[in-house]
file final34.txt (compact mmCIF, C-alpha atoms)
# COMPACT_ATOMS: atom_id res chain seq x y z
CA MET A 235 -7.84 -28.67 4.23
CA ASP A 236 -8.21 -31.20 1.44
CA TRP A 237 -4.63 -31.40 0.19
CA LYS A 238 -5.51 -33.48 -2.86
CA LYS A 239 -7.94 -30.83 -4.11
CA PHE A 240 -5.47 -28.14 -3.08
CA PHE A 241 -2.77 -29.77 -5.19
CA ILE A 242 -5.06 -30.16 -8.21
CA ALA A 243 -6.17 -26.51 -7.89
CA PHE A 244 -2.53 -25.40 -7.59
CA VAL A 245 -1.45 -27.36 -10.69
CA ALA A 246 -4.42 -26.04 -12.69
CA ALA A 247 -3.71 -22.46 -11.58
CA PHE A 248 -0.03 -22.85 -12.45
CA GLY A 249 -0.89 -24.23 -15.88
CA PHE A 250 -3.24 -21.36 -16.60
CA ILE A 251 -0.91 -18.64 -15.25
CA PHE A 252 2.04 -20.00 -17.20
CA VAL A 253 0.19 -20.32 -20.51
CA PHE A 254 -1.60 -16.98 -20.09
CA GLY A 255 1.67 -15.26 -19.14
CA PHE A 256 3.38 -16.69 -22.22
CA LEU A 257 0.56 -15.62 -24.54
CA TRP A 258 -0.22 -12.22 -23.00
CA TYR A 259 3.14 -10.88 -21.83
CA GLY A 260 5.39 -12.93 -24.11
CA LYS A 261 3.51 -12.94 -27.41
CA LEU A 262 0.72 -10.33 -27.44
CA MET A 263 2.82 -7.66 -25.71
CA HIS A 264 6.11 -8.61 -27.37
CA GLY A 265 6.03 -5.69 -29.81
CA VAL A 266 5.07 -3.21 -27.10
CA HIS A 267 7.88 -4.45 -24.85
CA GLN A 268 10.35 -4.01 -27.71
CA GLU A 269 9.67 -0.27 -27.71
CA VAL A 270 12.13 -0.17 -24.79
CA PRO A 271 14.62 -2.93 -25.73
CA LEU A 272 17.26 -1.84 -23.22
CA LEU A 273 14.99 -2.90 -20.35
CA TRP A 274 15.01 -6.58 -21.24
CA ARG A 275 17.59 -9.32 -21.12
CA PRO A 276 18.86 -10.48 -24.54
CA GLU A 277 17.22 -13.70 -25.79
CA ALA A 278 20.14 -15.98 -24.83
CA GLU A 279 20.48 -14.44 -21.39
CA PHE A 280 16.71 -14.77 -20.85
CA GLY A 281 17.04 -18.47 -21.66
CA ASN A 282 19.62 -18.81 -18.89
CA HIS A 283 17.23 -17.16 -16.43
CA PHE A 284 14.11 -19.02 -17.59
CA SER A 285 14.08 -21.19 -14.48
CA TRP A 286 13.44 -18.03 -12.43
CA LEU A 287 10.35 -17.35 -14.51
CA VAL A 288 9.05 -20.88 -13.93
CA PHE A 289 9.87 -20.69 -10.21
CA GLY A 290 8.08 -17.33 -9.95
CA HIS A 291 4.96 -18.77 -11.56
CA ILE A 292 5.01 -21.81 -9.27
CA VAL A 293 5.25 -19.57 -6.18
CA MET A 294 2.51 -17.31 -7.58
CA ALA A 295 0.12 -20.22 -8.21
CA PHE A 296 0.89 -21.88 -4.87
CA PHE A 297 0.26 -18.83 -2.72
CA LEU A 298 -2.79 -17.75 -4.70
CA THR A 299 -4.22 -21.23 -4.09
CA LEU A 300 -3.27 -21.02 -0.41
CA LEU A 301 -4.82 -17.57 -0.10
CA CYS A 302 -8.05 -18.77 -1.76
CA SER A 303 -8.26 -21.88 0.43
CA LYS A 304 -7.74 -19.86 3.63
CA PHE A 305 -9.79 -16.86 2.59
CA VAL A 306 -12.65 -18.65 0.85
CA PRO A 307 -12.82 -22.09 2.48
CA ALA A 308 -16.24 -22.70 0.90
CA GLY A 309 -14.66 -22.23 -2.52
CA GLY A 310 -16.67 -21.27 -5.58
CA PRO A 311 -15.52 -19.50 -8.74
CA GLY A 312 -17.17 -16.16 -7.92
CA PRO A 313 -15.69 -15.45 -4.47
CA CYS A 314 -12.26 -16.79 -5.49
CA ALA A 315 -12.28 -14.73 -8.71
CA ARG A 316 -13.09 -11.69 -6.54
CA LEU A 317 -10.12 -12.46 -4.30
CA GLY A 318 -7.96 -12.96 -7.39
CA ILE A 319 -8.96 -9.50 -8.64
CA LEU A 320 -8.14 -7.98 -5.23
CA VAL A 321 -4.70 -9.63 -5.38
CA ALA A 322 -4.31 -8.26 -8.92
CA LEU A 323 -5.01 -4.77 -7.53
CA VAL A 324 -2.00 -5.20 -5.23
CA TYR A 325 0.05 -5.91 -8.37
CA VAL A 326 -1.52 -2.91 -10.12
CA GLY A 327 -0.22 -0.71 -7.28
CA ASN A 328 3.26 -2.07 -7.96
CA ASP A 329 2.79 -1.53 -11.71
CA PHE A 330 2.07 2.16 -11.06
CA ILE A 331 5.26 2.45 -9.00
CA MET A 332 7.27 0.68 -11.71
CA TYR A 333 5.88 3.09 -14.30
CA ALA A 334 7.19 6.00 -12.25
CA VAL A 335 10.68 4.61 -11.77
CA GLN A 336 11.33 2.63 -14.96
CA PRO A 337 11.12 3.98 -18.51
CA ILE A 338 8.20 1.76 -19.50
CA THR A 339 5.56 3.21 -21.80
CA MET A 340 1.91 3.89 -20.97
CA LYS A 341 0.98 1.05 -23.37
CA ILE A 342 3.12 -1.38 -21.34
CA LEU A 343 1.57 -0.17 -18.07
CA CYS A 344 -1.97 -0.62 -19.43
CA GLY A 345 -1.09 -4.06 -20.84
CA TRP A 346 0.34 -5.17 -17.48
CA ILE A 347 -2.71 -3.91 -15.58
CA VAL A 348 -5.24 -5.61 -17.87
CA GLY A 349 -3.10 -8.77 -17.91
CA ASP A 350 -2.86 -8.87 -14.09
CA LEU A 351 -6.61 -8.44 -13.67
CA ILE A 352 -7.49 -11.15 -16.21
CA MET A 353 -4.80 -13.55 -15.02
CA PHE A 354 -5.59 -13.39 -11.30
CA GLY A 355 -9.34 -13.18 -11.81
CA VAL A 356 -9.44 -16.29 -14.01
CA ALA A 357 -6.85 -18.15 -11.90
CA GLY A 358 -8.97 -17.41 -8.83
CA ALA A 359 -12.08 -18.72 -10.61
CA ILE A 360 -10.23 -21.91 -11.61
CA ILE A 361 -9.05 -22.47 -8.02
CA GLY A 362 -12.55 -21.77 -6.68
CA THR A 363 -14.16 -24.17 -9.13
CA ILE A 364 -11.85 -27.00 -8.13
CA TYR A 365 -11.90 -26.21 -4.42
CA LYS A 366 -15.70 -25.94 -4.31
CA SER A 367 -16.18 -29.67 -4.69
CA SER A 368 -13.77 -30.21 -1.81
CA SER A 369 -15.75 -28.09 0.62
CA SER A 370 -19.02 -29.63 -0.52
CA ALA A 371 -17.61 -33.06 0.15
CA THR A 372 -16.44 -32.17 3.64
CA SER A 373 -19.47 -30.15 4.72
CA MET B 89 -15.98 2.25 8.07
CA LYS B 90 -14.18 4.69 10.36
CA ARG B 91 -11.66 2.02 11.37
CA PHE B 92 -11.25 1.04 7.72
CA VAL B 93 -10.29 4.60 6.82
CA ILE B 94 -7.95 4.94 9.83
CA ALA B 95 -6.28 1.60 9.02
CA PHE B 96 -5.89 2.65 5.38
CA ILE B 97 -4.35 6.02 6.29
CA ALA B 98 -1.96 4.47 8.83
CA ALA B 99 -0.90 1.74 6.38
CA PHE B 100 -0.47 4.28 3.58
CA ILE B 101 1.70 6.58 5.71
CA PHE B 102 3.89 3.66 6.77
CA ILE B 103 4.26 2.38 3.17
CA VAL B 104 5.24 5.86 1.92
CA LEU B 105 7.79 6.41 4.72
CA TRP B 106 9.23 2.89 4.49
CA GLY B 107 9.42 3.10 0.68
CA TRP B 108 11.29 6.39 0.91
CA PHE B 109 13.65 5.22 3.66
CA TYR B 110 14.39 1.73 2.34
CA ASN B 111 14.44 2.32 -1.42
CA GLY B 112 15.41 5.97 -1.44
CA VAL B 113 18.02 6.03 1.33
CA LEU B 114 19.23 2.53 2.31
CA LEU B 115 19.25 1.03 -1.21
CA LYS B 116 20.30 4.20 -3.02
CA ASP B 117 23.66 2.73 -4.06
CA VAL B 118 22.13 -0.60 -5.11
CA PHE B 119 19.67 1.23 -7.38
CA ALA B 120 22.56 3.28 -8.79
CA GLU B 121 24.24 0.03 -9.94
CA ALA B 122 21.32 -0.57 -12.32
CA GLN B 123 20.86 3.08 -13.31
CA SER B 124 20.25 2.25 -16.98
CA LEU B 125 17.05 0.43 -16.00
CA PHE B 126 15.56 3.47 -14.29
CA ARG B 127 14.29 6.84 -15.39
CA PRO B 128 16.57 9.84 -14.83
CA ARG B 129 15.94 11.42 -11.41
CA ASP B 130 14.17 14.52 -12.80
CA GLU B 131 11.85 12.40 -14.93
CA MET B 132 11.13 10.16 -11.95
CA MET B 133 10.25 13.14 -9.78
CA SER B 134 7.87 14.47 -12.44
CA LEU B 135 6.03 11.11 -12.24
CA PHE B 136 6.18 10.90 -8.45
CA TYR B 137 2.41 11.03 -8.11
CA TRP B 138 2.26 7.60 -9.79
CA ILE B 139 4.28 6.24 -6.88
CA VAL B 140 1.89 7.84 -4.39
CA ILE B 141 -1.16 6.46 -6.26
CA GLY B 142 0.47 3.02 -6.39
CA GLN B 143 1.26 3.06 -2.68
CA ALA B 144 -2.25 4.28 -1.84
CA GLY B 145 -3.67 1.48 -3.99
CA LEU B 146 -1.46 -1.04 -2.21
CA ALA B 147 -2.57 0.16 1.25
CA PHE B 148 -6.23 0.32 0.22
CA THR B 149 -6.23 -3.16 -1.31
CA PHE B 150 -4.44 -4.60 1.72
CA VAL B 151 -7.08 -3.23 4.08
CA LEU B 152 -9.86 -4.28 1.69
CA ILE B 153 -8.63 -7.90 1.55
CA TYR B 154 -8.16 -7.95 5.33
CA ALA B 155 -11.60 -6.47 5.98
CA SER B 156 -13.26 -8.83 3.47
CA GLY B 157 -12.24 -12.07 5.12
CA PHE B 158 -9.33 -11.89 7.52
CA ALA B 159 -10.66 -9.34 9.99
CA GLY B 160 -11.21 -10.55 13.52
CA GLY B 161 -7.93 -12.41 13.73
CA GLY B 162 -6.05 -9.35 14.88
CA ILE B 163 -2.35 -8.67 14.42
CA ALA B 164 -1.33 -12.31 13.83
CA THR B 165 -3.81 -12.60 10.95
CA GLY B 166 -2.69 -9.27 9.53
CA VAL B 167 0.91 -10.48 9.55
CA ARG B 168 -0.12 -13.78 7.91
CA LEU B 169 -1.92 -11.89 5.14
CA GLY B 170 1.09 -9.59 4.71
CA ILE B 171 3.45 -12.55 4.35
CA MET B 172 1.18 -14.25 1.80
CA LEU B 173 0.82 -11.07 -0.27
CA GLU B 174 4.56 -10.48 -0.15
CA LEU B 175 5.27 -14.04 -1.29
CA LEU B 176 3.07 -13.28 -4.30
CA ALA B 177 5.08 -10.11 -4.87
CA VAL B 178 8.33 -12.10 -4.65
CA SER B 179 7.00 -14.37 -7.39
CA ALA B 180 6.49 -11.31 -9.59
CA ARG B 181 10.02 -10.15 -8.76
CA CYS B 182 11.37 -13.52 -9.88
CA ALA B 183 9.63 -13.01 -13.23
CA ILE B 184 11.08 -9.49 -13.46
CA TYR B 185 14.54 -10.82 -12.60
CA ALA B 186 14.20 -13.40 -15.38
CA THR B 187 13.30 -10.78 -17.99
CA GLN B 188 15.21 -7.66 -16.90
CA PRO B 189 18.99 -7.48 -16.35
CA PHE B 190 18.85 -6.64 -12.63
CA PRO B 191 21.63 -8.00 -10.40
CA ALA B 192 20.55 -10.88 -8.10
CA LYS B 193 21.40 -8.68 -5.11
CA PHE B 194 18.60 -6.37 -6.19
CA LEU B 195 16.05 -9.19 -6.14
CA VAL B 196 17.11 -10.26 -2.65
CA LEU B 197 17.26 -6.79 -1.10
CA THR B 198 13.96 -5.54 -2.53
CA SER B 199 12.30 -8.76 -1.32
CA VAL B 200 13.72 -8.30 2.19
CA GLY B 201 12.33 -4.75 2.20
CA GLY B 202 9.04 -6.01 0.85
CA PHE B 203 8.67 -8.56 3.65
CA ILE B 204 9.34 -5.92 6.31
CA GLU B 205 6.86 -3.58 4.61
CA MET B 206 4.06 -6.14 4.35
CA ILE B 207 4.58 -7.59 7.85
CA VAL B 208 4.49 -4.17 9.50
CA THR B 209 1.51 -3.19 7.35
CA GLY B 210 -0.19 -6.37 8.58
CA VAL B 211 0.56 -5.41 12.19
CA ILE B 212 -0.86 -1.91 11.65
CA VAL B 213 -4.01 -3.05 9.87
CA GLY B 214 -4.58 -5.98 12.26
CA ALA B 215 -4.21 -3.71 15.27
CA ILE B 216 -6.51 -0.96 13.98
CA TYR B 217 -9.24 -2.68 11.95
CA LYS B 218 -11.82 -4.61 13.92
CA PRO B 219 -15.05 -5.86 12.36
CA ALA B 220 -18.25 -4.60 13.97
CA THR B 221 -19.11 -8.06 15.38
CA ALA B 222 -15.72 -8.36 17.13
CA ARG B 223 -16.07 -4.90 18.66
CA ALA B 224 -19.61 -5.62 19.86
CA SER B 225 -18.62 -8.79 21.74

call {"tool": "encode", "arguments": {"input": "final34.txt", "output": "structure tokens"}}
result
Amino acid sequence: MDWKKFFIAFVAAFGFIFVFGFLWYGKLMHGVHQEVPLLWRPEAEFGNHFSWLVFGHIVMAFFLTLLCSKFVPAGGPGPCARLGILVALVYVGNDFIMYAVQPITMKILCGWIVGDLIMFGVAGAIIGTIYKSSSSATS
Amino acid sequence: MKRFVIAFIAAFIFIVLWGWFYNGVLLKDVFAEAQSLFRPRDEMMSLFYWIVIGQAGLAFTFVLIYASGFAGGGIATGVRLGIMLELLAVSARCAIYATQPFPAKFLVLTSVGGFIEMIVTGVIVGAIYKPATARAS
């Protein structure tokens, strides 16, 4: 494994996931989330737990990169985007379960599903694009 | 295809039973501590089919990912895939913990249950699903 390319792919994936998460879940879906205000931490409390959000995104980007490098060693945006979408489908399964047990609205569920699919699909494509050059160089 | 279906059914049955036992029985009191974050029991039961669809989706996607690129490695590879997918799920739980007022205990216990679930699912899928080329040799 080319660790330099792996690291670059991981950082790029983290950057995308973090920015997309902020825009999609934090900004675009802010109003929809506020339909059930009791579910969320108050602003100040969220600030105190922000490091957990960053840590979660780092772990997410790292293991998505690892999964892509192990699963698609040849790299390439297409196959890695496909793997990203498959990973997103695992999350979609969890979203369905959360909808059943938590009082989230159908709009929130749909927003989460679309967001997961876009986020993991694009993150996979980014990882595959960066990792492709690595495999070409070694093959 | 036959082994794919058998692996999916076995994984799905395990996920349903484990989900019921771990979340519904073992962690019942822990969930009760954060009752305000959950639907009332009757409402939850009326939406139970969403849980079943979600668990079926989880089992199906697991087998699909395994069959698409991990198959042939057997149980060890299934376990490795399970651990990687669970680590991704833990990352999502961290984000949920940051945004929803769950106690930290909840994050830890659901992640422990998640690891057991995904590792055993990996064992089941790795043991049952064999790609055609592996079976032929």

call {"tool": "interface_residues", "arguments": {"input": "final34.txt", "of": "chain B", "to": "chain A", "cutoff": "8 Å", "atoms": "all atoms listed in the file", "output": "ChimeraX atom specification"}}
result
/B:125-127,132,135-136,138-146,149-150,153,157-158,172-173,175-189

call {"tool": "write_last_selection", "arguments": {"input": "final34.txt", "atoms": "C-alpha atoms", "output": "short mmCIF file (atom, residue, chain, number, x, y, z; two decimals), in the coordinates of the input"}}
result
data_model
loop_
_atom_site.label_atom_id
_atom_site.label_comp_id
_atom_site.auth_asym_id
_atom_site.auth_seq_id
_atom_site.Cartn_x
_atom_site.Cartn_y
_atom_site.Cartn_z
CA LEU B 125 17.05 0.43 -16.00
CA PHE B 126 15.56 3.47 -14.29
CA ARG B 127 14.29 6.84 -15.39
CA MET B 132 11.13 10.16 -11.95
CA LEU B 135 6.03 11.11 -12.24
CA PHE B 136 6.18 10.90 -8.45
CA TRP B 138 2.26 7.60 -9.79
CA ILE B 139 4.28 6.24 -6.88
CA VAL B 140 1.89 7.84 -4.39
CA ILE B 141 -1.16 6.46 -6.26
CA GLY B 142 0.47 3.02 -6.39
CA GLN B 143 1.26 3.06 -2.68
CA ALA B 144 -2.25 4.28 -1.84
CA GLY B 145 -3.67 1.48 -3.99
CA LEU B 146 -1.46 -1.04 -2.21
CA THR B 149 -6.23 -3.16 -1.31
CA PHE B 150 -4.44 -4.60 1.72
CA ILE B 153 -8.63 -7.90 1.55
CA GLY B 157 -12.24 -12.07 5.12
CA PHE B 158 -9.33 -11.89 7.52
CA MET B 172 1.18 -14.25 1.80
CA LEU B 173 0.82 -11.07 -0.27
CA LEU B 175 5.27 -14.04 -1.29
CA LEU B 176 3.07 -13.28 -4.30
CA ALA B 177 5.08 -10.11 -4.87
CA VAL B 178 8.33 -12.10 -4.65
CA SER B 179 7.00 -14.37 -7.39
CA ALA B 180 6.49 -11.31 -9.59
CA ARG B 181 10.02 -10.15 -8.76
CA CYS B 182 11.37 -13.52 -9.88
CA ALA B 183 9.63 -13.01 -13.23
CA ILE B 184 11.08 -9.49 -13.46
CA TYR B 185 14.54 -10.82 -12.60
CA ALA B 186 14.20 -13.40 -15.38
CA THR B 187 13.30 -10.78 -17.99
CA GLN B 188 15.21 -7.66 -16.90
CA PRO B 189 18.99 -7.48 -16.35
#

call {"tool": "closest_residue", "arguments": {"input": "final34.txt", "among": "A:Gly355, A:Met235, A:Lys366, A:Gly349", "to": "Leu257 (chain A)", "atoms": "all atoms listed in the file"}}
result
A:Gly349

call {"tool": "atom_distance", "arguments": {"input": "final34.txt", "atom1": "CA of Gly312 (chain A)", "atom2": "CA of Tyr259 (chain A)"}}
result
25.2 Å

call {"tool": "residues_around", "arguments": {"input": "final34.txt", "residues": "Ala357 (chain A)", "least_positions_apart": "5", "cutoff": "9 Å", "atoms": "all atoms listed in the file", "output": "number ranges by chain"}}
result
A: 246-248, 250-251, 295, 298-299, 314-315, 318, 352, 362

call {"tool": "write_last_selection", "arguments": {"input": "final34.txt", "atoms": "C-alpha atoms", "output": "tab-separated table (two decimals), in the coordinates of the input"}}
result
chain	number	residue	atom	x	y	z
A	246	ALA	CA	-4.42	-26.04	-12.69
A	247	ALA	CA	-3.71	-22.46	-11.58
A	248	PHE	CA	-0.03	-22.85	-12.45
A	250	PHE	CA	-3.24	-21.36	-16.60
A	251	ILE	CA	-0.91	-18.64	-15.25
A	295	ALA	CA	0.12	-20.22	-8.21
A	298	LEU	CA	-2.79	-17.75	-4.70
A	299	THR	CA	-4.22	-21.23	-4.09
A	314	CYS	CA	-12.26	-16.79	-5.49
A	315	ALA	CA	-12.28	-14.73	-8.71
A	318	GLY	CA	-7.96	-12.96	-7.39
A	352	ILE	CA	-7.49	-11.15	-16.21
A	362	GLY	CA	-12.55	-21.77	-6.68

call {"tool": "atom_distance", "arguments": {"input": "final34.txt", "atom1": "CA of Asp350 (chain A)", "atom2": "CA of Leu262 (chain A)"}}
result
13.9 Å

call {"tool": "atom_distance", "arguments": {"input": "final34.txt", "atom1": "CA of Arg91 (chain B)", "atom2": "CA of Trp106 (chain B)"}}
result
22.0 Å

call {"tool": "closest_residue", "arguments": {"input": "final34.txt", "among": "A:Val253, A:Met263, A:Phe240, A:Thr363", "to": "Val348 (chain A)", "atoms": "only C-alpha atoms"}}
result
A:Met263

call {"tool": "closest_residue", "arguments": {"input": "final34.txt", "among": "B:Tyr137, B:Phe96, B:Tyr154, B:Phe203", "to": "Ile171 (chain B)", "atoms": "all atoms listed in the file"}}
result
B:Phe203

call {"tool": "residues_around", "arguments": {"input": "final34.txt", "residues": "Val266 (chain A)", "least_positions_apart": "5", "cutoff": "9 Å", "atoms": "only C-alpha atoms", "output": "list in words"}}
result
Thr339, Lys341, Ile342 and Gly345 of chain A

call {"tool": "residues_around", "arguments": {"input": "final34.txt", "residues": "region 160-169 of chain B", "least_positions_apart": "2", "cutoff": "8 Å", "atoms": "all atoms listed in the file", "output": "PDB file with C-alpha atoms, in the frame of the given file"}}
result
ATOM      1  CA  TYR B 154      -8.160  -7.950   5.330  1.00  0.00           C
ATOM      2  CA  PHE B 158      -9.330 -11.890   7.520  1.00  0.00           C
ATOM      3  CA  ILE B 171       3.450 -12.550   4.350  1.00  0.00           C
ATOM      4  CA  MET B 172       1.180 -14.250   1.800  1.00  0.00           C
ATOM      5  CA  LEU B 173       0.820 -11.070  -0.270  1.00  0.00           C
ATOM      6  CA  MET B 206       4.060  -6.140   4.350  1.00  0.00           C
ATOM      7  CA  ILE B 207       4.580  -7.590   7.850  1.00  0.00           C
ATOM      8  CA  VAL B 208       4.490  -4.170   9.500  1.00  0.00           C
ATOM      9  CA  THR B 209       1.510  -3.190   7.350  1.00  0.00           C
ATOM     10  CA  GLY B 210      -0.190  -6.370   8.580  1.00  0.00           C
ATOM     11  CA  VAL B 211       0.560  -5.410  12.190  1.00  0.00           C
ATOM     12  CA  ILE B 212      -0.860  -1.910  11.650  1.00  0.00           C
ATOM     13  CA  VAL B 213      -4.010  -3.050   9.870  1.00  0.00           C
ATOM     14  CA  GLY B 214      -4.580  -5.980  12.260  1.00  0.00           C
ATOM     15  CA  ALA B 215      -4.210  -3.710  15.270  1.00  0.00           C
ATOM     16  CA  TYR B 217      -9.240  -2.680  11.950  1.00  0.00           C
ATOM     17  CA  LYS B 218     -11.820  -4.610  13.920  1.00  0.00           C
ATOM     18  CA  PRO B 219     -15.050  -5.860  12.360  1.00  0.00           C
ATOM     19  CA  ALA B 222     -15.720  -8.360  17.130  1.00  0.00           C
TER      20      ALA B 222
END

call {"tool": "closest_residue", "arguments": {"input": "final34.txt", "among": "A:Val270, A:Met340, A:Phe256, A:Phe244", "to": "Gly358 (chain A)", "atoms": "all atoms listed in the file"}}
result
A:Phe244

call {"tool": "closest_residue", "arguments": {"input": "final34.txt", "among": "B:Glu131, B:Trp108, B:Ser124, B:Gly170", "to": "Glu205 (chain B)", "atoms": "only C-alpha atoms"}}
result
B:Gly170
